[in-house]
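Below: one structure, written as C-alpha cells.
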Amino acid sequence: MKKTVYIAGASKEIERAEWARASLAEHGIPIAYDWMAEIRKHGEAEISDLIETYQIARREIAAVCGAAAIWVLWPSTGIHSTGLHTELGAALAAPSHPLVLISGPGARRGPFWTLGKNFDTDAEAVRILRGLYG
C-alpha cells in the first residue's frame, strides 16, 4: 500500500494547498484526504451545521493519524487557520508517529515547530517527500 501524506494548510491559502497536492501527484504520492476538493465543492463548513462540521473534523483527524506524513503549509503572515494547529497536534500525538514537515517562511514561530522537519519553501518539502515516498 502506498504511503499517504496529509496536507495541512489554511483554507484562505487554498491555491497553495492545491499546488502542494499537484506537486505530490506529479510524483505519484497520494494524499490522505482532499479537504481542498471538499471546500471547492461545498464551501467552508458553516458552524450552524454542527453534524456536518463534526463529520468533516473527524474525517480530517482520522486522515492525519493514518498518514505516513503530515505536511504543514505554515500560513503566511496575517493568514489564520482554524484547523491547522489541531491537525499538527493530532499528528504529534498520533501513536503512528507520522513524519512532520513544516514549510513556509513563518514556520519557525512558537515552540511546536521544533518537533518537525522545517523548510523555508514548499518546494524544499516536495523534494524531501519525493525522495521518501515518490
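Chain labels follow the order of the C-alpha cells: the first chain is A, the next B, and so on; residue numbering restarts at 1 in every chain, and ligands are counted from 1 in their shown order.
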
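Of the residues in segment 1-131 of chain A, those given strand (DSSP E) by DSSP on the backbone are Val5, Tyr6, Ile7, Ala8, Ala69, Ile70, Trp71, Val72, Leu73, Leu99, Val100, Leu101, Ile102, Ser103, Lys117, Asn118 and Phe119 of chain A.
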
12 Å contact set for segment 33-39 of chain A, only C-alpha atoms, chain neighbours under 4 positions out, as a PyMOL selection string = chain A and resi 4-22+25+43-46+52-53+56-67+70+83-84

Residue neighbourhood segment 102-104 of chain A, 7 Å, only C-alpha atoms, exclusion window fewer than 3 positions, as a tab-separated table (two decimals) with C-alpha atoms, in the first residue's frame:
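File written: around-v7.tsv
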```
chain	number	residue	atom	x	y	z
A	71	TRP	CA	2.97	18.41	5.55
A	72	VAL	CA	2.07	21.64	7.30
A	73	LEU	CA	1.92	24.65	4.99
A	74	TRP	CA	2.57	27.26	7.64
A	107	ALA	CA	7.26	28.19	10.07
A	116	GLY	CA	9.04	18.72	12.81
A	117	LYS	CA	11.40	18.99	9.87
A	118	ASN	CA	11.35	22.63	8.77
A	119	PHE	CA	11.79	24.14	5.33
A	120	ASP	CA	11.82	27.75	4.21
A	121	THR	CA	9.96	26.91	0.99
A	122	ASP	CA	7.25	24.48	-0.02
A	125	ALA	CA	9.40	19.94	1.33
```

Among segment 31-134 of chain A, which ones does DSSP place in alpha helix (DSSP H), written as a compact mmCIF listing (two decimals) with N, CA and C atoms, in the first residue's frame?
```
# COMPACT_ATOMS: atom_id res chain seq x y z
N TRP A 35 -9.15 17.78 1.47
CA TRP A 35 -10.02 18.82 2.02
C TRP A 35 -10.20 19.98 1.06
N MET A 36 -9.23 20.16 0.16
CA MET A 36 -9.33 21.24 -0.82
C MET A 36 -10.53 21.01 -1.76
N ALA A 37 -10.69 19.76 -2.20
CA ALA A 37 -11.83 19.44 -3.07
C ALA A 37 -13.15 19.63 -2.33
N GLU A 38 -13.16 19.28 -1.05
CA GLU A 38 -14.37 19.47 -0.24
C GLU A 38 -14.74 20.95 -0.16
N ILE A 39 -13.75 21.80 0.05
CA ILE A 39 -14.02 23.24 0.14
C ILE A 39 -14.47 23.78 -1.22
N ARG A 40 -13.83 23.34 -2.29
CA ARG A 40 -14.23 23.79 -3.63
C ARG A 40 -15.66 23.35 -3.95
N LYS A 41 -16.04 22.17 -3.46
CA LYS A 41 -17.37 21.64 -3.76
C LYS A 41 -18.45 22.24 -2.87
N HIS A 42 -18.18 22.34 -1.57
CA HIS A 42 -19.21 22.74 -0.61
C HIS A 42 -19.00 24.11 0.02
N LEU A 50 -23.78 21.71 12.60
CA LEU A 50 -22.86 21.06 13.53
C LEU A 50 -22.57 19.60 13.16
N ILE A 51 -23.55 18.89 12.66
CA ILE A 51 -23.33 17.48 12.31
C ILE A 51 -22.33 17.37 11.17
N GLU A 52 -22.51 18.15 10.13
CA GLU A 52 -21.58 18.11 9.00
C GLU A 52 -20.19 18.56 9.44
N THR A 53 -20.12 19.62 10.22
CA THR A 53 -18.84 20.13 10.70
C THR A 53 -18.12 19.07 11.53
N TYR A 54 -18.86 18.38 12.40
CA TYR A 54 -18.29 17.31 13.22
C TYR A 54 -17.75 16.18 12.33
N GLN A 55 -18.53 15.77 11.35
CA GLN A 55 -18.10 14.68 10.46
C GLN A 55 -16.84 15.05 9.67
N ILE A 56 -16.78 16.28 9.20
CA ILE A 56 -15.59 16.74 8.48
C ILE A 56 -14.37 16.70 9.41
N ALA A 57 -14.54 17.22 10.61
CA ALA A 57 -13.43 17.25 11.57
C ALA A 57 -12.95 15.83 11.88
N ARG A 58 -13.85 14.90 12.08
CA ARG A 58 -13.47 13.51 12.38
C ARG A 58 -12.73 12.88 11.20
N ARG A 59 -13.20 13.13 9.97
CA ARG A 59 -12.52 12.58 8.78
C ARG A 59 -11.11 13.14 8.66
N GLU A 60 -10.97 14.43 8.91
CA GLU A 60 -9.66 15.05 8.78
C GLU A 60 -8.69 14.52 9.84
N ILE A 61 -9.12 14.40 11.08
CA ILE A 61 -8.24 13.88 12.13
C ILE A 61 -7.89 12.42 11.86
N ALA A 62 -8.84 11.63 11.41
CA ALA A 62 -8.55 10.23 11.06
C ALA A 62 -7.52 10.16 9.94
N ALA A 63 -7.64 11.04 8.96
CA ALA A 63 -6.68 11.06 7.85
C ALA A 63 -5.29 11.46 8.34
N VAL A 64 -5.22 12.44 9.22
CA VAL A 64 -3.93 12.86 9.79
C VAL A 64 -3.27 11.68 10.50
N CYS A 65 -4.04 11.01 11.34
CA CYS A 65 -3.48 9.92 12.15
C CYS A 65 -3.14 8.69 11.33
N GLY A 66 -3.75 8.55 10.16
CA GLY A 66 -3.48 7.39 9.31
C GLY A 66 -2.42 7.64 8.25
N LEU A 84 -5.45 23.99 11.19
CA LEU A 84 -4.05 23.58 11.00
C LEU A 84 -3.36 23.20 12.31
N HIS A 85 -3.54 23.98 13.36
CA HIS A 85 -2.87 23.70 14.62
C HIS A 85 -3.42 22.44 15.27
N THR A 86 -4.71 22.20 15.10
CA THR A 86 -5.30 20.97 15.62
C THR A 86 -4.75 19.77 14.87
N GLU A 87 -4.65 19.89 13.55
CA GLU A 87 -4.11 18.79 12.74
C GLU A 87 -2.65 18.51 13.10
N LEU A 88 -1.87 19.55 13.30
CA LEU A 88 -0.47 19.39 13.72
C LEU A 88 -0.42 18.69 15.08
N GLY A 89 -1.24 19.12 16.01
CA GLY A 89 -1.28 18.49 17.34
C GLY A 89 -1.68 17.03 17.27
N ALA A 90 -2.66 16.71 16.43
CA ALA A 90 -3.09 15.32 16.27
C ALA A 90 -1.95 14.47 15.72
N ALA A 91 -1.22 15.01 14.75
CA ALA A 91 -0.09 14.27 14.18
C ALA A 91 0.99 14.04 15.23
N LEU A 92 1.29 15.06 16.01
CA LEU A 92 2.32 14.93 17.03
C LEU A 92 1.94 13.92 18.12
N ALA A 93 0.63 13.79 18.38
CA ALA A 93 0.15 12.88 19.42
C ALA A 93 -0.22 11.49 18.88
N ASP A 122 8.05 25.67 0.23
CA ASP A 122 7.25 24.48 -0.02
C ASP A 122 7.97 23.54 -0.98
N ALA A 123 8.71 24.11 -1.94
CA ALA A 123 9.44 23.29 -2.92
C ALA A 123 10.47 22.38 -2.24
N GLU A 124 11.09 22.87 -1.17
CA GLU A 124 12.05 22.03 -0.43
C GLU A 124 11.35 20.83 0.20
N ALA A 125 10.17 21.04 0.73
CA ALA A 125 9.40 19.94 1.33
C ALA A 125 9.01 18.92 0.27
N VAL A 126 8.62 19.38 -0.92
CA VAL A 126 8.28 18.47 -2.02
C VAL A 126 9.49 17.59 -2.35
N ARG A 127 10.65 18.20 -2.40
CA ARG A 127 11.86 17.44 -2.74
C ARG A 127 12.10 16.31 -1.74
N ILE A 128 11.91 16.59 -0.46
CA ILE A 128 12.10 15.57 0.59
C ILE A 128 11.03 14.48 0.47
N LEU A 129 9.77 14.89 0.32
CA LEU A 129 8.70 13.90 0.20
C LEU A 129 8.87 13.03 -1.04
N ARG A 130 9.31 13.63 -2.14
CA ARG A 130 9.57 12.87 -3.36
C ARG A 130 10.66 11.81 -3.10
N GLY A 131 11.69 12.19 -2.39
CA GLY A 131 12.77 11.25 -2.07
C GLY A 131 12.31 10.13 -1.16
N LEU A 132 11.40 10.41 -0.25
CA LEU A 132 10.92 9.40 0.69
C LEU A 132 9.83 8.50 0.11
N TYR A 133 8.87 9.09 -0.60
CA TYR A 133 7.68 8.35 -1.00
C TYR A 133 7.42 8.30 -2.49
```
